[in-house]
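Peer 1: Next comes query-v4.txt, compact mmCIF, C-alpha atoms:
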```txt
# COMPACT_ATOMS: atom_id res chain seq x y z
CA MET A 142 185.80 -90.10 -15.75
CA LYS A 143 188.83 -87.96 -15.09
CA THR A 144 187.41 -86.88 -11.76
CA LYS A 145 186.85 -90.50 -10.71
CA VAL A 146 190.43 -91.45 -11.49
CA LEU A 147 191.66 -88.40 -9.64
CA LEU A 148 189.52 -89.28 -6.62
CA CYS A 149 190.75 -92.86 -6.63
CA ALA A 150 194.36 -91.72 -6.81
CA LEU A 151 193.75 -89.27 -4.00
CA ALA A 152 192.09 -91.93 -1.83
CA ILE A 153 194.96 -94.36 -2.41
CA THR A 154 197.48 -91.67 -1.54
CA VAL A 155 195.63 -90.77 1.65
CA LEU A 156 195.21 -94.41 2.71
CA MET A 157 198.84 -95.22 1.98
CA GLY A 158 199.84 -92.26 4.10
CA CYS A 159 197.84 -93.62 7.05
CA GLN A 160 199.84 -96.83 7.18
CA PRO A 161 202.62 -96.75 9.75
CA ALA A 162 206.02 -96.75 8.12
CA THR A 163 208.19 -99.80 8.79
CA LYS A 164 211.10 -99.07 11.08
CA ASN A 165 213.82 -101.23 12.60
CA ILE A 166 213.64 -101.62 16.37
CA ASP A 167 216.51 -100.13 18.32
CA ILE A 168 217.13 -103.34 20.25
CA ALA A 169 219.74 -101.67 22.48
CA ASN A 170 217.40 -98.90 23.57
CA ASP A 171 213.88 -99.89 22.66
CA GLU A 172 211.31 -97.48 24.05
CA GLY A 173 208.38 -99.16 22.38
CA LYS A 174 205.11 -99.68 24.19
CA ALA A 175 204.42 -102.80 26.22
CA VAL A 176 202.48 -105.62 24.61
CA MET A 177 200.16 -108.13 26.27
CA GLY A 178 201.96 -111.09 24.78
CA LEU A 179 205.58 -111.98 25.43
CA ASP A 180 208.11 -110.00 23.42
CA TYR A 181 211.90 -110.17 23.26
CA ARG A 182 212.24 -107.70 26.15
CA ASP A 183 210.36 -110.09 28.42
CA PHE A 184 212.59 -112.99 27.44
CA ASP A 185 215.67 -110.81 27.97
CA GLN A 186 214.49 -109.87 31.44
CA ALA A 187 213.55 -113.41 32.42
CA ALA A 188 216.80 -114.89 31.09
CA THR A 189 218.88 -112.26 32.93
CA ALA A 190 217.10 -113.03 36.21
CA MET A 191 217.69 -116.76 35.71
CA ILE A 192 221.36 -116.37 34.78
CA SER A 193 222.05 -113.98 37.69
CA SER A 194 220.40 -116.34 40.18
CA LEU A 195 222.29 -119.32 38.79
CA VAL A 196 225.69 -117.61 38.85
CA ARG A 197 225.11 -116.25 42.36
CA SER A 198 224.01 -119.64 43.70
CA GLY A 199 227.34 -121.29 42.93
CA THR A 200 225.46 -124.40 41.74
CA LEU A 201 227.66 -124.77 38.68
CA ASN A 202 230.89 -124.72 40.65
CA LYS A 203 232.43 -128.17 40.21
CA LYS A 204 234.62 -129.24 43.12
CA ASP A 205 237.50 -130.52 40.99
CA GLY A 206 237.47 -127.27 38.99
CA GLY A 207 236.22 -128.85 35.79
CA ARG A 208 233.07 -128.14 33.87
CA TYR A 209 229.72 -129.87 34.22
CA VAL A 210 228.18 -131.55 31.20
CA MET A 211 224.59 -130.40 30.97
CA ALA A 212 221.65 -131.44 28.82
CA THR A 213 218.58 -129.36 28.17
CA GLY A 214 215.48 -131.22 29.18
CA ARG A 215 211.89 -130.32 28.47
CA ILE A 216 210.88 -126.68 28.64
CA VAL A 217 207.10 -126.73 28.64
CA ASN A 218 205.24 -123.91 26.96
CA ASP A 219 202.08 -123.69 29.07
CA THR A 220 200.98 -120.39 27.59
CA MET A 221 198.33 -119.55 25.04
CA GLN A 222 201.03 -118.30 22.70
CA ARG A 223 203.08 -120.11 20.15
CA ILE A 224 206.45 -119.71 21.79
CA ASP A 225 209.71 -121.31 20.85
CA THR A 226 211.22 -121.92 24.29
CA ASP A 227 214.67 -121.50 22.76
CA GLN A 228 213.95 -117.76 22.97
CA LEU A 229 214.64 -118.21 26.67
CA MET A 230 216.98 -121.17 26.70
CA ALA A 231 219.40 -120.02 24.00
CA LYS A 232 220.36 -117.06 26.21
CA VAL A 233 220.59 -119.12 29.40
CA GLU A 234 222.63 -121.89 27.72
CA GLN A 235 224.95 -119.39 26.06
CA GLU A 236 225.71 -117.58 29.30
CA MET A 237 226.17 -120.83 31.24
CA MET A 238 228.73 -121.98 28.68
CA ASN A 239 230.45 -118.60 28.55
CA SER A 240 230.75 -118.60 32.34
CA GLY A 241 233.26 -121.42 31.90
CA GLN A 242 231.41 -123.73 34.25
CA VAL A 243 229.27 -125.75 31.89
CA VAL A 244 229.49 -127.62 28.59
CA MET A 245 226.15 -128.31 26.95
CA THR A 246 225.66 -131.63 25.19
CA SER A 247 223.94 -131.95 21.83
CA ALA A 248 223.82 -135.73 22.15
CA VAL A 249 220.92 -135.80 24.58
CA GLY A 250 218.07 -133.43 25.17
CA ASP A 251 214.54 -132.53 24.29
CA LYS A 252 215.18 -129.86 21.68
CA ALA A 253 218.83 -129.02 21.97
CA GLY A 254 219.86 -132.44 20.70
CA ASP A 255 221.60 -132.48 17.34
CA SER A 256 220.30 -135.34 15.19
CA LEU A 257 223.58 -135.43 13.26
CA VAL A 258 225.30 -136.89 16.33
CA TYR A 259 223.37 -140.09 15.67
CA GLU A 260 223.14 -139.79 11.91
CA VAL A 261 226.92 -139.98 11.53
CA ARG A 262 226.91 -143.08 13.72
CA ASP A 263 224.20 -144.67 11.63
CA LEU A 264 226.35 -143.84 8.62
CA ARG A 265 229.34 -145.49 10.26
CA ASP A 266 227.32 -148.68 10.71
CA SER A 267 225.90 -148.62 7.19
CA ASP A 268 227.24 -149.73 3.81
CA LYS A 269 228.04 -146.12 2.99
CA ALA A 270 230.80 -146.13 5.64
CA ASP A 271 233.14 -147.52 2.97
CA GLU A 272 233.03 -144.12 1.31
CA PHE A 273 234.68 -142.45 4.29
CA ASP A 274 238.16 -142.46 5.71
CA GLU A 275 237.74 -144.89 8.61
CA SER A 276 240.06 -142.93 10.91
CA THR A 277 237.73 -139.90 10.68
CA MET A 278 234.63 -141.87 11.64
CA GLN A 279 233.33 -141.47 15.18
CA ALA A 280 234.35 -144.42 17.34
CA LYS A 281 231.94 -146.19 19.65
CA ARG A 282 231.62 -145.11 23.29
CA THR A 283 232.96 -141.61 22.67
CA LEU A 284 229.88 -139.61 23.66
CA ILE A 285 229.95 -138.00 27.10
CA ALA A 286 226.88 -138.52 29.25
CA PRO A 287 225.36 -135.45 30.88
CA GLU A 288 225.75 -134.90 34.62
CA LEU A 289 223.12 -132.20 34.98
CA SER A 290 219.90 -131.36 33.24
CA ILE A 291 218.02 -128.09 32.98
CA SER A 292 214.27 -128.12 32.51
CA GLY A 293 211.40 -125.76 33.12
CA LYS A 294 208.11 -124.27 32.24
CA ILE A 295 206.56 -121.01 31.06
CA ILE A 296 203.06 -120.56 32.45
CA GLN A 297 200.41 -118.03 31.49
CA ARG A 298 197.44 -117.06 33.64
CA ASP A 299 194.78 -114.62 32.49
CA VAL A 300 192.90 -112.90 35.29
CA LYS A 301 189.96 -110.55 34.84
CA TYR A 302 191.03 -107.30 36.50
CA ASN A 303 187.84 -105.34 35.85
CA LYS A 304 185.26 -105.04 33.10
CA LYS A 305 187.63 -103.57 30.56
CA THR A 306 191.01 -104.77 31.81
CA THR A 307 192.67 -108.16 31.84
CA GLN A 308 195.73 -109.06 33.85
CA VAL A 309 198.12 -111.53 32.25
CA GLU A 310 200.66 -113.23 34.45
CA TYR A 311 203.67 -115.07 33.06
CA TYR A 312 205.72 -117.43 35.21
CA PHE A 313 209.15 -118.45 33.99
CA GLN A 314 210.43 -121.46 35.93
CA LEU A 315 213.74 -123.27 35.53
CA ARG A 316 215.36 -126.05 37.55
CA ILE A 317 218.66 -127.93 37.47
CA THR A 318 218.78 -131.60 38.42
CA ASP A 319 221.76 -133.82 39.16
CA LEU A 320 221.19 -136.79 36.85
CA THR A 321 223.20 -139.18 39.05
CA THR A 322 221.25 -138.66 42.24
CA GLY A 323 218.07 -137.10 40.88
CA LEU A 324 218.47 -134.29 43.38
CA ARG A 325 217.47 -130.79 42.40
CA PHE A 326 220.39 -128.38 42.81
CA TRP A 327 218.79 -125.10 41.78
CA GLN A 328 215.42 -123.63 41.00
CA GLU A 329 214.23 -120.15 40.10
CA GLU A 330 211.01 -118.42 39.15
CA LYS A 331 210.59 -115.04 37.51
CA ILE A 332 207.16 -113.47 37.24
CA LEU A 333 206.19 -110.86 34.66
CA GLY A 334 202.77 -109.25 34.75
CA LYS A 335 200.84 -107.12 32.28
CA ARG A 336 197.54 -105.33 32.45
CA GLY A 337 195.71 -104.13 29.39
CA SER A 338 192.52 -103.99 27.44
CA SER A 339 190.45 -107.16 27.55
CA LYS A 340 190.03 -106.71 23.81
CA THR A 341 193.75 -107.30 23.32
CA VAL A 342 194.37 -110.96 22.70
CA SER A 343 197.46 -112.39 24.38
CA TRP A 344 198.01 -115.34 22.05
CA MET B 284 196.68 -62.94 52.74
CA VAL B 285 195.69 -66.17 50.91
CA LYS B 286 198.90 -65.94 48.90
CA HIS B 287 200.96 -65.72 52.09
CA SER B 288 199.16 -68.66 53.67
CA LEU B 289 199.73 -70.78 50.59
CA LEU B 290 203.39 -69.85 50.55
CA ILE B 291 203.76 -70.76 54.22
CA VAL B 292 202.04 -74.12 53.65
CA CYS B 293 204.32 -74.78 50.66
CA ILE B 294 207.48 -74.00 52.57
CA GLY B 295 206.24 -75.99 55.56
CA ALA B 296 205.44 -78.98 53.38
CA LEU B 297 208.86 -78.76 51.75
CA ILE B 298 210.82 -78.46 54.98
CA LEU B 299 208.84 -80.77 57.20
CA GLY B 300 207.79 -83.20 54.50
CA GLY B 301 211.37 -84.21 53.86
CA CYS B 302 211.98 -85.36 57.38
CA ALA B 303 208.52 -86.75 57.96
CA SER B 304 207.56 -90.26 58.93
CA LYS B 305 211.03 -91.25 60.14
CA SER B 306 211.13 -94.60 61.85
CA SER B 307 213.22 -95.10 64.99
CA ASP B 308 215.11 -97.71 63.00
CA GLU B 309 216.51 -96.41 59.72
CA ARG B 310 216.07 -99.84 58.12
CA ILE B 311 212.30 -99.51 58.38
CA ASN B 312 210.37 -97.22 56.05
CA MET B 313 206.80 -96.49 56.99
CA GLY B 314 204.94 -95.98 53.76
CA LYS B 315 202.32 -93.40 52.89
CA GLY B 316 199.25 -93.92 55.05
CA VAL B 317 200.98 -96.50 57.25
CA GLY B 318 202.91 -94.35 59.70
CA GLY B 319 201.55 -91.24 61.37
CA ASP B 320 200.10 -88.41 59.28
CA THR B 321 202.78 -85.91 58.31
CA LEU B 322 202.84 -82.86 56.06
CA GLY B 323 204.09 -85.07 53.27
CA ASP B 324 201.19 -87.49 53.74
CA ASN B 325 198.49 -85.10 54.80
CA ILE B 326 195.58 -84.83 52.40
CA ILE B 327 195.79 -81.00 52.36
CA THR B 328 199.53 -80.39 52.39
CA ARG B 329 200.59 -83.35 50.25
CA PRO B 330 199.71 -81.74 46.87
CA PHE B 331 202.01 -78.82 47.71
CA ALA B 332 204.82 -81.17 48.72
CA VAL B 333 204.36 -83.14 45.49
CA VAL B 334 204.41 -79.99 43.36
CA ILE B 335 207.49 -78.58 45.09
CA SER B 336 209.26 -81.93 44.84
CA ALA B 337 208.51 -82.01 41.11
CA LEU B 338 209.64 -78.39 40.70
CA LEU B 339 212.90 -79.20 42.44
CA GLY B 340 213.30 -82.18 40.13
CA GLN B 341 213.83 -84.57 43.00
CA GLY B 342 214.64 -88.13 42.07
CA VAL B 343 216.74 -91.13 42.98
CA GLU B 344 220.20 -90.54 44.37
CA ILE B 345 222.72 -93.38 44.57
CA THR B 346 224.18 -93.42 48.06
CA GLU B 347 226.30 -96.55 48.16
CA VAL B 348 227.91 -99.10 45.85
CA ILE B 349 229.05 -102.40 47.34
CA GLU B 350 231.26 -104.71 45.30
CA ALA B 351 232.19 -108.26 46.21
CA ARG B 352 233.51 -111.39 44.50
CA THR B 353 231.61 -114.64 44.86
CA PRO B 354 233.69 -117.69 45.95
CA GLN B 355 233.68 -118.68 42.27
CA GLY B 356 235.17 -115.32 41.25
CA PHE B 357 232.18 -113.48 39.76
CA LEU B 358 231.86 -109.75 40.48
CA ASP B 359 228.70 -109.11 42.50
CA VAL B 360 227.48 -105.51 42.88
CA GLN B 361 224.77 -103.92 44.97
CA MET B 362 223.61 -100.35 44.50
CA ARG B 363 221.77 -98.51 47.18
CA GLY B 364 219.90 -95.31 46.60
CA TYR B 365 217.27 -93.03 48.00
CA ASN B 366 214.21 -91.71 46.23
CA LYS B 367 213.87 -88.12 47.37
CA ALA B 368 210.71 -87.50 45.36
CA TYR B 369 207.08 -87.60 46.45
CA GLY B 370 206.10 -90.32 44.09
CA THR B 371 207.31 -93.73 43.01
CA LYS B 372 210.22 -93.52 40.59
CA ARG B 373 210.35 -96.28 38.03
CA PHE B 374 213.47 -96.62 35.99
CA ASP B 375 215.47 -99.16 34.00
CA TYR B 376 219.16 -99.82 34.35
CA ARG B 377 221.56 -101.64 32.06
CA VAL B 378 224.94 -102.92 33.12
CA GLU B 379 227.92 -103.25 30.83
CA TRP B 380 230.74 -105.40 32.14
CA LEU B 381 234.34 -104.43 31.48
CA ASP B 382 237.42 -106.64 31.44
CA SER B 383 240.87 -105.71 32.74
CA ASN B 384 241.59 -103.83 29.49
CA GLY B 385 238.45 -101.75 29.84
CA MET B 386 236.82 -103.63 26.96
CA VAL B 387 233.09 -104.31 27.10
CA ILE B 388 232.29 -107.99 27.60
CA PRO B 389 229.36 -108.89 25.38
CA THR B 390 226.78 -110.78 27.43
CA LYS B 391 223.11 -111.62 27.12
CA THR B 392 222.54 -110.05 30.53
CA SER B 393 223.32 -106.50 29.38
CA VAL B 394 219.64 -105.63 28.98
CA TRP B 395 217.34 -103.04 30.50
CA ILE B 396 216.11 -104.19 33.90
CA PRO B 397 213.26 -102.35 35.66
CA VAL B 398 213.53 -101.01 39.21
CA SER B 399 210.86 -99.35 41.30
CA ALA B 400 211.71 -96.93 44.10
CA LEU B 401 208.94 -95.94 46.49
CA GLU B 402 208.65 -92.29 47.45
CA LYS B 403 210.95 -91.07 50.18
CA SER B 404 212.50 -94.48 50.68
CA GLU B 405 215.63 -96.53 50.16
CA VAL B 406 216.02 -98.69 47.09
CA SER B 407 218.56 -101.44 46.42
CA PHE B 408 219.28 -103.42 43.30
CA ARG B 409 221.87 -106.07 42.75
CA PHE B 410 223.54 -107.50 39.67
CA ILE B 411 226.23 -110.08 39.05
CA ALA B 412 228.74 -110.44 36.23
CA PRO B 413 228.17 -113.63 34.26
CA ARG B 414 231.91 -113.85 33.43
CA LYS B 415 234.88 -114.11 35.74
CA GLU B 416 236.95 -111.72 33.59
CA ALA B 417 234.68 -108.80 34.52
CA VAL B 418 236.60 -106.43 36.79
CA ASP B 419 234.53 -103.28 36.44
CA PHE B 420 231.16 -102.13 35.19
CA ARG B 421 229.31 -99.22 33.67
CA ILE B 422 225.62 -98.46 34.27
CA ASN B 423 223.10 -96.57 32.22
CA THR B 424 219.65 -95.63 33.46
CA ARG B 425 216.52 -94.42 31.76
CA LYS B 426 213.00 -93.57 32.80
CA ASN B 427 210.71 -96.59 32.67
CA LYS B 428 207.71 -95.61 30.60
CA ILE B 429 206.01 -98.99 30.25
CA THR B 430 205.53 -100.02 33.88
CA LYS B 431 202.81 -98.79 36.20
```
Would you give me this structure, written as structure tokens?

Peer 2:
Amino acid sequence: MKTKVLLCALAITVLMGCQPATKNIDIANDEGKAVMGLDYRDFDQAATAMISSLVRSGTLNKKDGGRYVMATGRIVNDTMQRIDTDQLMAKVEQEMMNSGQVVMTSAVGDKAGDSLVYEVRDLRDSDKADEFDESTMQAKRTLIAPELSISGKIIQRDVKYNKKTTQVEYYFQLRITDLTTGLRFWQEEKILGKRGSSKTVSW
Amino acid sequence: MVKHSLLIVCIGALILGGCASKSSDERINMGKGVGGDTLGDNIITRPFAVVISALLGQGVEITEVIEARTPQGFLDVQMRGYNKAYGTKRFDYRVEWLDSNGMVIPTKTSVWIPVSALEKSEVSFRFIAPRKEAVDFRINTRKNKITK
């Protein structure tokens, strides 16, 4: 009996020892291996390429020196992975705003819209409005309409490279459209490719 | 005798390999197997050239830095270098932007970006500051271990 317990304890100890210890990733200098799916390094790289292209293009330079009002349109996730496209767009939007050339609107947009913008207006028009100081309520016709929109797509293509290897291609595409004229001002594509074992699932 | 021959081949590969495959126009680099056969490309002498290059620790040397401001006032930088090694050099670079006080400007674009430099050829990479207050920059590089 004693021997059995001892063996069990020994087995547990050995198995526990085999498990990789949890470590925090050094985000600033991550030397981790590549993965077949999209990880934060891929989004960082894609966002940087997009931001650099956009800044260099001069598209966001408003003639009167002011800032464009921009809304985020639909960013389609056409990959086999469950991706929140904000992983890309949060970086791009942040840098566009910090460049001093753009103000993003939360009043309109596919995902970036803030529902509270309309909830407070519904509140204003409801019976509950009596509970609030009228001068602090949002007046009508105060929202600013967007002048530009940014939309895009993330595409995944799996290609059989050889018997054991699969090639996964990711296409990050963004475009900026002038909402007044419907003309497209800027467009960029960044491709990231990975090759790895066909047994590795990229979703 | 064999030792001497090997030594001569090694030295020959080292000396001649470096100046091999030069195009008449410096802007054009004829890659391995594209231009004429040289000691650096030759199937027999190439291994020696590769070994000597590795022993010498040859790598990428930055030869020129061009800075310009876009019409909107963003600092645009291009780095030009030369890969002296017999082998593609893959590395990452990360740019940190500095304001007029020398303070680092936190941006989402300060991330590791991969670059690939073909053997014995020029390489250029360009980066732009996402903020107008950037007046200078600092670059770090590291060997890229995840790209092939």

Peer 1: For the atom pair CA of Asp271 (chain A) and CA of Val258 (chain A), what is the interatomic distance in Å to one decimal place?

Peer 2: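 One can read the CA of Asp271 (chain A) to CA of Val258 (chain A) distance as 18.8 Å.
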
Peer 1: With a distance cut-off of 9 Å and only C-alpha atoms, select the neighbouring residues of Gln328 (chain A), excluding the residue or stretch itself and same-chain residues fewer than 6 positions from it, and output the selection as a list in words.

Peer 2: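 Listing them by chain and then by number gives Met191, Ser194, Leu195, Gln314, Leu315, Arg316 and Ile317 of chain A.
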
Peer 1: Pick out the chain B residues within 9 Å of chain A. Count only C-alpha atoms. Give them as a list of chain:residue names.

Peer 2: B:Thr353, B:Pro354, B:Gln355, B:Phe357, B:Asp359, B:Thr390, B:Lys391, B:Thr392, B:Ser393, B:Val394, B:Trp395, B:Ile396, B:Pro397, B:Phe410, B:Ile411, B:Ala412, B:Pro413, B:Arg414, B:Lys415, B:Asn427, B:Lys428, B:Ile429, B:Thr430

Peer 1: I need the residues from that last selection saved to file as a compact mmCIF listing (two decimals), in the frame of the given file (with C-alpha atoms), if you can.

Peer 2:
```
# COMPACT_ATOMS: atom_id res chain seq x y z
CA THR B 353 231.61 -114.64 44.86
CA PRO B 354 233.69 -117.69 45.95
CA GLN B 355 233.68 -118.68 42.27
CA PHE B 357 232.18 -113.48 39.76
CA ASP B 359 228.70 -109.11 42.50
CA THR B 390 226.78 -110.78 27.43
CA LYS B 391 223.11 -111.62 27.12
CA THR B 392 222.54 -110.05 30.53
CA SER B 393 223.32 -106.50 29.38
CA VAL B 394 219.64 -105.63 28.98
CA TRP B 395 217.34 -103.04 30.50
CA ILE B 396 216.11 -104.19 33.90
CA PRO B 397 213.26 -102.35 35.66
CA PHE B 410 223.54 -107.50 39.67
CA ILE B 411 226.23 -110.08 39.05
CA ALA B 412 228.74 -110.44 36.23
CA PRO B 413 228.17 -113.63 34.26
CA ARG B 414 231.91 -113.85 33.43
CA LYS B 415 234.88 -114.11 35.74
CA ASN B 427 210.71 -96.59 32.67
CA LYS B 428 207.71 -95.61 30.60
CA ILE B 429 206.01 -98.99 30.25
CA THR B 430 205.53 -100.02 33.88
```

Peer 1: Restricting the calculation to all atoms listed in the file: of A:Ile332, A:Val249, A:Ala280, A:Ala152, which residue gets closest to Gln297 (chain A)?

Peer 2: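 Selected residue with least distance to Gln297 (chain A): A:Ile332.
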
Peer 1: Please, what distance in Å, to one decimal, runs between CA of Asp167 (chain A) and CA of Thr341 (chain A)?

Peer 2: 24.4 Å

Peer 1: Give me the residues within 12 Å of Glu275 (chain A) as a ChimeraX atom specification, counting only C-alpha atoms and dropping any in the same chain fewer than 4 places off.

Peer 2: /A:264-266,269-271,279-280

Peer 1: Take the residues just selected and output them with C-alpha atoms as a compact mmCIF listing (two decimals), in the coordinates of the input.

Peer 2:
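out.txt written:
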```
# COMPACT_ATOMS: atom_id res chain seq x y z
CA LEU A 264 226.35 -143.84 8.62
CA ARG A 265 229.34 -145.49 10.26
CA ASP A 266 227.32 -148.68 10.71
CA LYS A 269 228.04 -146.12 2.99
CA ALA A 270 230.80 -146.13 5.64
CA ASP A 271 233.14 -147.52 2.97
CA GLN A 279 233.33 -141.47 15.18
CA ALA A 280 234.35 -144.42 17.34
```

Peer 1: Using only C-alpha atoms, which of B:Val343, B:Thr328, B:Asp308, B:Glu416 sits nearest Asp382 (chain B)?

Peer 2: B:Glu416

Peer 1: So how far away is CA of Glu402 (chain B) from CA of Glu309 (chain B), in Å?

Peer 2: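 One can read the CA of Glu309 (chain B) to CA of Glu402 (chain B) distance as 15.1 Å.
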
Peer 1: Can you pull out every residue within 7 Å of Tyr369 (chain B), counting all atoms listed in the file, but drop anything in the same chain fewer than 6 positions away, and send it as a tab-separated table (two decimals) with C-alpha atoms, in the coordinates of the input?

Peer 2:
```
chain	number	residue	atom	x	y	z
B	333	VAL	CA	204.36	-83.14	45.49
B	336	SER	CA	209.26	-81.93	44.84
B	402	GLU	CA	208.65	-92.29	47.45
B	403	LYS	CA	210.95	-91.07	50.18
```

Peer 1: Nearest to Met230 (chain A) among A:Phe184, A:Lys340, A:Leu324, A:Arg262, with distances taken over only C-alpha atoms: which residue is it?

Peer 2: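 Using only C-alpha atoms, the shortest distance to Met230 (chain A) belongs to A:Phe184.
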
Peer 1: Which polymer residues, protein or nucleic acid, are no farther than 12 Å from (240.0, -104.6, 28.4), counting only C-alpha atoms, as a PyMOL selection string?

Peer 2: chain B and resi 380-389+416-420

Peer 1: Using only C-alpha atoms, which of the listed residues (A:Asp227, A:Glu272, A:Glu260, A:Asp180) sits closest to Ser292 (chain A)?

Peer 2: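 The closest residue to Ser292 (chain A) is A:Asp227.
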
Peer 1: Given all atoms listed in the file as the basis, pick out the residue of B:Ala368, B:Gly356, B:Ile345, B:Ala337 nearest to Phe408 (chain B).

Peer 2: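 Of B:Ala368, B:Gly356, B:Ile345, B:Ala337, the one nearest Phe408 (chain B), counting all atoms listed in the file, is B:Ile345.
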